[in-house]
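Here is query29.cif, consisting of mmCIF, C-alpha atoms:
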data_final
#
loop_
_atom_site.label_atom_id
_atom_site.label_comp_id
_atom_site.auth_asym_id
_atom_site.auth_seq_id
_atom_site.Cartn_x
_atom_site.Cartn_y
_atom_site.Cartn_z
CA MET L 1 243.42 284.07 61.36
CA SER L 2 239.71 284.76 61.38
CA ASP L 3 239.75 288.48 62.17
CA PRO L 4 239.90 290.33 58.82
CA SER L 5 241.43 293.53 60.23
CA LEU L 6 244.23 291.61 61.94
CA ALA L 7 244.85 289.50 58.83
CA VAL L 8 245.27 292.60 56.66
CA ALA L 9 247.54 294.22 59.25
CA VAL L 10 249.75 291.14 59.31
CA ARG L 11 249.91 291.13 55.50
CA ALA L 12 250.85 294.82 55.52
CA ALA L 13 253.57 294.20 58.10
CA ARG L 14 255.05 291.34 56.10
CA ASN L 15 255.04 293.44 52.93
CA ALA L 16 256.97 296.11 54.79
CA ALA L 17 259.33 293.53 56.30
CA ALA L 18 260.39 292.38 52.83
CA ILE L 19 261.41 295.94 51.98
CA VAL L 20 263.20 296.46 55.29
CA THR L 21 265.09 293.17 54.98
CA ASP L 22 266.31 294.02 51.48
CA ALA L 23 267.44 297.45 52.65
CA ALA L 24 269.31 295.88 55.57
CA GLN L 25 271.28 293.80 53.06
CA ASP L 26 272.14 296.97 51.14
CA LEU L 27 273.35 298.64 54.35
CA ARG L 28 275.73 295.77 55.03
CA ARG L 29 277.39 296.30 51.64
CA LEU L 30 278.40 299.90 52.43
CA PRO L 31 281.28 301.10 54.63
CA ALA L 32 280.21 301.96 58.16
CA PHE L 33 278.86 305.49 58.58
CA SER L 34 279.00 306.24 54.85
CA THR L 35 276.72 309.01 53.60
CA GLY L 36 274.68 306.44 51.73
CA HIS L 37 273.51 304.85 54.98
CA GLY L 38 271.16 307.69 55.81
CA GLU L 39 269.69 307.71 52.32
CA ILE L 40 269.00 303.96 52.45
CA VAL L 41 267.37 304.23 55.87
CA SER L 42 265.12 307.11 54.81
CA ALA L 43 264.16 305.46 51.54
CA ALA L 44 263.44 302.13 53.24
CA GLU L 45 261.23 303.71 55.87
CA LYS L 46 259.24 305.63 53.28
CA GLU L 47 258.88 302.64 50.96
CA ALA L 48 257.86 300.38 53.85
CA GLU L 49 255.26 302.88 55.05
CA ASP L 50 253.92 303.29 51.53
CA ALA L 51 253.57 299.50 51.28
CA ILE L 52 251.70 299.37 54.58
CA ARG L 53 249.47 302.26 53.60
CA SER L 54 248.57 300.79 50.21
CA THR L 55 247.80 297.37 51.72
CA LEU L 56 245.58 298.83 54.42
CA LYS L 57 243.79 301.28 52.16
CA ALA L 58 243.10 298.62 49.53
CA ALA L 59 241.20 296.64 52.16
CA PHE L 60 239.74 299.53 54.16
CA PRO L 61 239.56 302.65 51.97
CA GLU L 62 237.30 304.42 54.44
CA HIS L 63 239.80 304.22 57.32
CA ALA L 64 242.06 307.08 58.35
CA PHE L 65 245.81 306.70 58.56
CA ALA L 66 248.51 308.04 60.87
CA GLY L 67 252.18 307.46 60.15
CA ALA L 68 255.48 309.28 59.84
CA ASP L 69 254.12 311.85 57.39
CA ALA L 70 250.61 312.11 58.83
CA ALA L 71 249.60 313.52 62.19
CA ALA L 72 247.31 311.45 64.36
CA GLY L 73 243.81 311.86 63.09
CA ALA L 74 244.80 312.89 59.57
CA GLY L 75 243.14 311.27 56.60
CA PRO L 76 239.53 310.56 55.67
CA ASP L 77 236.74 311.33 58.10
CA SER L 78 236.49 307.98 59.85
CA SER L 79 236.17 306.69 63.38
CA TRP L 80 238.69 303.96 62.47
CA ARG L 81 242.36 304.90 62.25
CA TRP L 82 245.54 302.95 61.54
CA ILE L 83 248.60 303.96 63.58
CA VAL L 84 251.79 302.91 61.82
CA HIS L 85 255.51 302.96 62.54
CA ALA L 86 257.18 301.39 59.52
CA ILE L 87 260.57 301.02 61.23
CA ASP L 88 260.45 301.47 64.98
CA GLY L 89 264.14 301.67 65.86
CA THR L 90 265.53 303.46 62.82
CA ALA L 91 268.85 304.27 64.53
CA ASN L 92 269.32 300.57 65.28
CA PHE L 93 268.37 299.69 61.72
CA GLY L 94 270.86 302.16 60.26
CA HIS L 95 273.68 300.83 62.42
CA GLY L 96 272.90 297.18 61.82
CA TYR L 97 271.92 296.72 65.46
CA PRO L 98 269.42 293.83 65.48
CA HIS L 99 266.52 295.37 67.42
CA TYR L 100 263.84 297.04 65.32
CA ALA L 101 260.31 296.25 64.25
CA ILE L 102 257.28 297.12 62.15
CA SER L 103 254.41 298.36 64.33
CA ILE L 104 250.78 298.61 63.19
CA ALA L 105 247.72 299.31 65.35
CA LEU L 106 244.06 299.93 64.56
CA ALA L 107 242.05 302.25 66.78
CA ARG L 108 238.45 303.32 66.95
CA GLY L 109 238.60 306.77 68.46
CA SER L 110 241.18 306.42 71.24
CA ASP L 111 240.43 302.73 71.77
CA VAL L 112 243.08 300.45 70.22
CA THR L 113 241.47 297.24 68.97
CA HIS L 114 244.16 295.44 66.95
CA ALA L 115 247.96 295.30 67.16
CA VAL L 116 250.77 293.83 65.09
CA VAL L 117 254.48 294.07 65.93
CA LEU L 118 256.76 292.19 63.56
CA ASP L 119 260.48 291.61 64.19
CA PRO L 120 261.77 291.04 60.62
CA LEU L 121 265.14 289.72 61.77
CA ARG L 122 263.79 286.92 63.95
CA ASN L 123 260.55 286.49 61.99
CA GLU L 124 258.73 286.90 65.28
CA LEU L 125 255.16 288.11 64.89
CA PHE L 126 253.33 289.56 67.89
CA THR L 127 249.59 290.10 67.50
CA ALA L 128 246.69 291.13 69.70
CA THR L 129 242.98 291.77 69.33
CA LYS L 130 241.08 293.49 72.10
CA ALA L 131 239.45 291.00 74.49
CA ARG L 132 240.90 288.06 72.52
CA GLY L 133 244.44 287.83 73.88
CA ALA L 134 247.98 288.38 72.63
CA PHE L 135 250.15 285.92 70.71
CA ALA L 136 253.68 285.41 69.38
CA ASN L 137 253.75 283.31 66.22
CA GLY L 138 250.39 281.89 67.27
CA VAL L 139 251.38 280.99 70.85
CA ALA L 140 249.48 282.79 73.62
CA LEU L 141 251.45 285.36 75.59
CA ARG L 142 251.42 286.03 79.32
CA VAL L 143 253.27 288.75 81.20
CA SER L 144 255.83 287.93 83.88
CA ALA L 145 254.75 286.57 87.25
CA CYS L 146 257.39 288.70 88.99
CA THR L 147 256.09 290.34 92.19
CA MET L 148 259.22 292.17 93.37
CA LEU L 149 260.70 295.08 91.43
CA GLU L 150 264.07 294.24 93.03
CA ARG L 151 264.07 291.09 90.89
CA GLY L 152 262.59 292.71 87.81
CA LEU L 153 264.26 293.50 84.49
CA VAL L 154 262.88 296.80 83.22
CA GLY L 155 263.04 298.40 79.78
CA THR L 156 263.11 302.11 79.02
CA ALA L 157 263.32 304.63 76.20
CA VAL L 158 265.96 307.34 76.65
CA PRO L 159 265.09 310.77 75.22
CA TRP L 160 267.37 311.90 72.41
CA ARG L 161 270.30 314.11 73.40
CA GLU L 162 268.65 317.43 72.46
CA SER L 163 265.26 316.59 73.97
CA PRO L 164 264.04 319.01 76.66
CA LYS L 165 262.83 315.93 78.55
CA LEU L 166 266.31 314.46 78.98
CA SER L 167 267.16 316.40 82.14
CA ALA L 168 263.86 315.33 83.75
CA TYR L 169 264.41 311.71 82.67
CA LEU L 170 267.82 311.16 84.26
CA PRO L 171 266.62 311.33 87.91
CA LEU L 172 263.89 308.81 87.02
CA PHE L 173 266.51 306.48 85.58
CA ALA L 174 268.57 306.71 88.74
CA SER L 175 265.54 306.08 90.96
CA VAL L 176 264.43 303.00 89.01
CA ALA L 177 268.00 301.68 88.72
CA ARG L 178 268.32 301.66 92.51
CA ARG L 179 265.18 299.54 92.86
CA CYS L 180 265.21 296.99 90.02
CA ALA L 181 267.49 294.14 89.01
CA GLY L 182 268.49 295.79 85.77
CA ILE L 183 267.51 298.28 83.06
CA ARG L 184 267.60 297.64 79.33
CA ARG L 185 267.39 300.26 76.59
CA GLY L 186 266.60 298.38 73.40
CA GLY L 187 265.87 301.32 71.11
CA SER L 188 262.53 300.03 69.81
CA ALA L 189 259.59 300.69 72.11
CA ALA L 190 257.33 298.42 70.04
CA LEU L 191 259.62 295.45 70.63
CA ASP L 192 260.23 296.40 74.26
CA LEU L 193 256.50 296.38 74.93
CA ALA L 194 256.14 293.09 73.05
CA TYR L 195 258.82 291.69 75.36
CA VAL L 196 256.84 292.86 78.39
CA ALA L 197 253.83 291.02 76.96
CA ALA L 198 256.00 287.92 76.48
CA GLY L 199 257.42 288.08 80.02
CA ARG L 200 260.97 288.78 78.82
CA LEU L 201 260.86 292.19 80.50
CA ASP L 202 258.95 292.72 83.73
CA GLY L 203 258.21 296.36 82.97
CA PHE L 204 258.87 299.35 80.75
CA TRP L 205 258.66 303.10 81.14
CA SER L 206 259.15 306.20 79.00
CA VAL L 207 258.79 309.97 79.24
CA SER L 208 259.03 310.88 75.56
CA LEU L 209 257.25 308.48 73.21
CA ASN L 210 254.31 309.31 70.97
CA TRP L 211 251.22 307.31 70.10
CA ARG L 212 252.61 305.56 67.04
CA ASP L 213 255.53 304.26 69.13
CA VAL L 214 253.36 302.56 71.74
CA ALA L 215 249.81 302.00 70.42
CA ALA L 216 250.38 298.43 69.24
CA GLY L 217 252.69 297.47 72.10
CA ALA L 218 250.33 298.79 74.76
CA LEU L 219 247.53 296.54 73.51
CA LEU L 220 249.89 293.56 73.48
CA VAL L 221 250.73 294.17 77.14
CA ARG L 222 247.10 294.59 78.20
CA GLU L 223 245.96 291.50 76.31
CA ALA L 224 248.77 289.48 77.88
CA GLY L 225 247.51 290.37 81.34
CA GLY L 226 249.71 293.39 82.04
CA ARG L 227 248.90 296.94 83.05
CA VAL L 228 249.52 300.17 81.14
CA GLY L 229 249.18 303.62 82.64
CA ASP L 230 250.68 307.07 83.12
CA PHE L 231 252.84 308.54 85.86
CA ALA L 232 249.91 310.28 87.57
CA GLY L 233 247.95 307.14 88.31
CA GLY L 234 245.68 307.14 85.27
CA GLU L 235 245.21 304.35 82.75
CA ASP L 236 245.18 306.50 79.59
CA SER L 237 248.91 306.54 78.86
CA LEU L 238 248.38 307.26 75.16
CA ARG L 239 247.40 310.87 75.80
CA VAL L 240 250.35 311.89 77.95
CA GLY L 241 254.10 311.88 77.55
CA GLY L 242 254.90 309.45 80.37
CA MET L 243 253.89 305.80 80.29
CA ILE L 244 254.41 302.67 82.36
CA ALA L 245 253.71 299.13 81.15
CA ALA L 246 254.38 296.22 83.47
CA ALA L 247 253.34 292.92 84.92
CA PRO L 248 250.70 293.47 87.63
CA GLY L 249 253.10 292.35 90.36
CA VAL L 250 255.59 295.17 89.72
CA PHE L 251 253.41 297.89 88.20
CA HIS L 252 252.79 299.83 91.42
CA ALA L 253 256.40 299.51 92.59
CA LEU L 254 257.68 300.82 89.25
CA ARG L 255 255.25 303.74 89.40
CA GLU L 256 256.38 304.50 92.99
CA ALA L 257 260.03 304.45 91.94
CA ILE L 258 259.27 306.96 89.19
CA ASP L 259 257.06 309.08 91.42
CA ALA L 260 259.84 309.31 94.01
CA ALA L 261 262.01 311.17 91.49
CA LEU L 262 259.35 313.43 89.98
#

If you took the structure in this file and wrote it as structure tokens, what would it be?
Amino acid sequence: MSDPSLAVAVRAARNAAAIVTDAAQDLRRLPAFSTGHGEIVSAAEKEAEDAIRSTLKAAFPEHAFAGADAAAGAGPDSSWRWIVHAIDGTANFGHGYPHYAISIALARGSDVTHAVVLDPLRNELFTATKARGAFANGVALRVSACTMLERGLVGTAVPWRESPKLSAYLPLFASVARRCAGIRRGGSAALDLAYVAAGRLDGFWSVSLNWRDVAAGALLVREAGGRVGDFAGGEDSLRVGGMIAAAPGVFHALREAIDAAL
């Protein structure tokens, strides 16, 4: 791995994965829904983020950092910024549901240049560098060749039950469900977007994610030949609440299905 920024990001992700994997073993030893579950999840997420932060800052002390306890743009005055989600899919992690990931992205201004999404359960490492492609465990990725939304499998992120966006989301869900072959809600946007990049999903949409949820995954999709945009027709999905990521053959149809319900 010749790119030094990507190599450090991968090392940081693997350091975090070791912590997350150990915590997952601890969760399995406790009765389901015990009070200790929440404490283990919170401690694991903090420890994993601290491990990522220390690894990144040791290599790039001048870079800024954005994670669970830091708003985007916080940190040293630098044009470079790391966007981190130590456990993307914490509810899944806490319940032992095997769909969560470590997500790390590097951005210069609003331009994401490097991405790492690591599935610690399957030891599946997704990486991307701007203009150099996307890979899974070193094998080049390519988005789906699907050209009909009616045959497409589409991922989504459902707003949490008290979110003000939930009522606006449900008509979109119904509209897309009528037009596609199926909808999947994995619970980890980073992995869902990685699956779009790998051609396992033909598209993905969300109304409620923030930058740290999608920064790495969006670059994976773009570098695998897919498209990422917002509901209004723009390409800068990272600055608005709604995003669409899809193979080129279904991107417009997915946007039209969403637009029909807006």

Would you translate the PyMOL selection byres ((chain L and resi 132-138) around 12) into the concrete set of residues it matches in this file, as an mmCIF file with C-alpha atoms, in the coordinates of the input?
data_model
loop_
_atom_site.group_PDB
_atom_site.id
_atom_site.type_symbol
_atom_site.label_atom_id
_atom_site.label_comp_id
_atom_site.auth_asym_id
_atom_site.auth_seq_id
_atom_site.Cartn_x
_atom_site.Cartn_y
_atom_site.Cartn_z
ATOM 1 C CA MET L 1 243.420 284.070 61.360
ATOM 2 C CA SER L 2 239.710 284.760 61.380
ATOM 3 C CA ASP L 3 239.750 288.480 62.170
ATOM 4 C CA LEU L 6 244.230 291.610 61.940
ATOM 5 C CA VAL L 10 249.750 291.140 59.310
ATOM 6 C CA THR L 113 241.470 297.240 68.970
ATOM 7 C CA HIS L 114 244.160 295.440 66.950
ATOM 8 C CA ALA L 115 247.960 295.300 67.160
ATOM 9 C CA VAL L 116 250.770 293.830 65.090
ATOM 10 C CA VAL L 117 254.480 294.070 65.930
ATOM 11 C CA LEU L 118 256.760 292.190 63.560
ATOM 12 C CA ASP L 119 260.480 291.610 64.190
ATOM 13 C CA ARG L 122 263.790 286.920 63.950
ATOM 14 C CA ASN L 123 260.550 286.490 61.990
ATOM 15 C CA GLU L 124 258.730 286.900 65.280
ATOM 16 C CA LEU L 125 255.160 288.110 64.890
ATOM 17 C CA PHE L 126 253.330 289.560 67.890
ATOM 18 C CA THR L 127 249.590 290.100 67.500
ATOM 19 C CA ALA L 128 246.690 291.130 69.700
ATOM 20 C CA THR L 129 242.980 291.770 69.330
ATOM 21 C CA LYS L 130 241.080 293.490 72.100
ATOM 22 C CA ALA L 131 239.450 291.000 74.490
ATOM 23 C CA VAL L 139 251.380 280.990 70.850
ATOM 24 C CA ALA L 140 249.480 282.790 73.620
ATOM 25 C CA LEU L 141 251.450 285.360 75.590
ATOM 26 C CA ARG L 142 251.420 286.030 79.320
ATOM 27 C CA VAL L 143 253.270 288.750 81.200
ATOM 28 C CA LEU L 191 259.620 295.450 70.630
ATOM 29 C CA LEU L 193 256.500 296.380 74.930
ATOM 30 C CA ALA L 194 256.140 293.090 73.050
ATOM 31 C CA TYR L 195 258.820 291.690 75.360
ATOM 32 C CA VAL L 196 256.840 292.860 78.390
ATOM 33 C CA ALA L 197 253.830 291.020 76.960
ATOM 34 C CA ALA L 198 256.000 287.920 76.480
ATOM 35 C CA GLY L 199 257.420 288.080 80.020
ATOM 36 C CA ALA L 216 250.380 298.430 69.240
ATOM 37 C CA GLY L 217 252.690 297.470 72.100
ATOM 38 C CA ALA L 218 250.330 298.790 74.760
ATOM 39 C CA LEU L 219 247.530 296.540 73.510
ATOM 40 C CA LEU L 220 249.890 293.560 73.480
ATOM 41 C CA VAL L 221 250.730 294.170 77.140
ATOM 42 C CA ARG L 222 247.100 294.590 78.200
ATOM 43 C CA GLU L 223 245.960 291.500 76.310
ATOM 44 C CA ALA L 224 248.770 289.480 77.880
ATOM 45 C CA GLY L 225 247.510 290.370 81.340
ATOM 46 C CA GLY L 226 249.710 293.390 82.040
#

Inset, instruction - Spell out the residues picked by the PyMOL selection byres ((chain L and resi 46-54) around 7) here, as a list in words. - result: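 When the PyMOL selection byres ((chain L and resi 46-54) around 7) is applied, the selected residues are Ala12, Ala13, Asn15, Ala16, Ile19, Val20, Ser42, Ala43, Ala44, Glu45, Thr55, Leu56, Lys57, Ala58 and Ala86 of chain L.
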
Legend entry - Target residues per the PyMOL selection byres ((chain L and resi 162-173) around 12), formatted as a PyMOL selection string: chain L and resi 154-161+174-180+182-185+204-209+231+241-242+254-262

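The shortest atom-to-atom distance to Ile83 of chain L, with all atoms listed in the file taken into account, belongs to L:Ala9 out of L:Ala245, L:Ala18, L:Leu153, L:Ala9.
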
Inset, instruction - Just give me the gap between atom CA of Gly249 of chain L and atom CA of Asp192 of chain L in Å, one decimal is fine. - result: 18.1 Å

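With all atoms listed in the file as the atoms that count, the minimum distance from Asp22 of chain L to the choices L:Ala64, L:Ile40, L:Val8, L:Val250 is reached by L:Ile40.
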
Legend entry - Computed interatomic separation between atom CA of Asp26 of chain L and atom CA of Leu121 of chain L (Å): 14.6 Å

Legend entry - Residue with smallest distance to Val228 of chain L - pool L:Ala215, L:Ala107, L:Leu30, L:Ile244, counting only C-alpha atoms: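 For Val228 of chain L, the nearest of the candidates is L:Ile244.
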
Quick one: axis-aligned box around all listed atoms of segment 152-163 of chain L, 3 Å on every side, centre and edge lengths in Å to one decimal, written as lines of an AutoDock Vina configuration file.
center_x = 266.4
center_y = 305.1
center_z = 80.1
size_x = 13.7
size_y = 30.7
size_z = 21.4

Inset, instruction - State, in Å with one decimal place, the distance from atom CA of Asp111 of chain L to atom CA of Gly187 of chain L. - result: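 Result for atom CA of Asp111 of chain L versus atom CA of Gly187 of chain L: 25.5 Å, one decimal.
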
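Closest approach to Glu62 of chain L among L:Val112, L:Arg81, L:Ala7, L:Ala253 is made by L:Arg81 (distances from all atoms listed in the file).
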
Which neighbours of Arg28 of chain L fall inside 12 Å, counting all atoms listed in the file, when residues of the same chain fewer than 5 positions from it are skipped, and could you give them as a PDB file with C-alpha atoms, in the frame of the given file?
ATOM      1  CA  THR L  21     265.090 293.170  54.980  1.00  0.00           C
ATOM      2  CA  ASP L  22     266.310 294.020  51.480  1.00  0.00           C
ATOM      3  CA  ALA L  23     267.440 297.450  52.650  1.00  0.00           C
ATOM      4  CA  PHE L  33     278.860 305.490  58.580  1.00  0.00           C
ATOM      5  CA  SER L  34     279.000 306.240  54.850  1.00  0.00           C
ATOM      6  CA  GLY L  36     274.680 306.440  51.730  1.00  0.00           C
ATOM      7  CA  HIS L  37     273.510 304.850  54.980  1.00  0.00           C
ATOM      8  CA  ILE L  40     269.000 303.960  52.450  1.00  0.00           C
ATOM      9  CA  VAL L  41     267.370 304.230  55.870  1.00  0.00           C
ATOM     10  CA  PHE L  93     268.370 299.690  61.720  1.00  0.00           C
ATOM     11  CA  GLY L  94     270.860 302.160  60.260  1.00  0.00           C
ATOM     12  CA  HIS L  95     273.680 300.830  62.420  1.00  0.00           C
ATOM     13  CA  GLY L  96     272.900 297.180  61.820  1.00  0.00           C
ATOM     14  CA  TYR L  97     271.920 296.720  65.460  1.00  0.00           C
TER      15      TYR L  97
END

Legend entry - Minimum-distance residue to Phe65 of chain L, chosen among L:Thr147, L:Asn92, L:Ser79, L:Ser5 (using only C-alpha atoms): L:Ser79
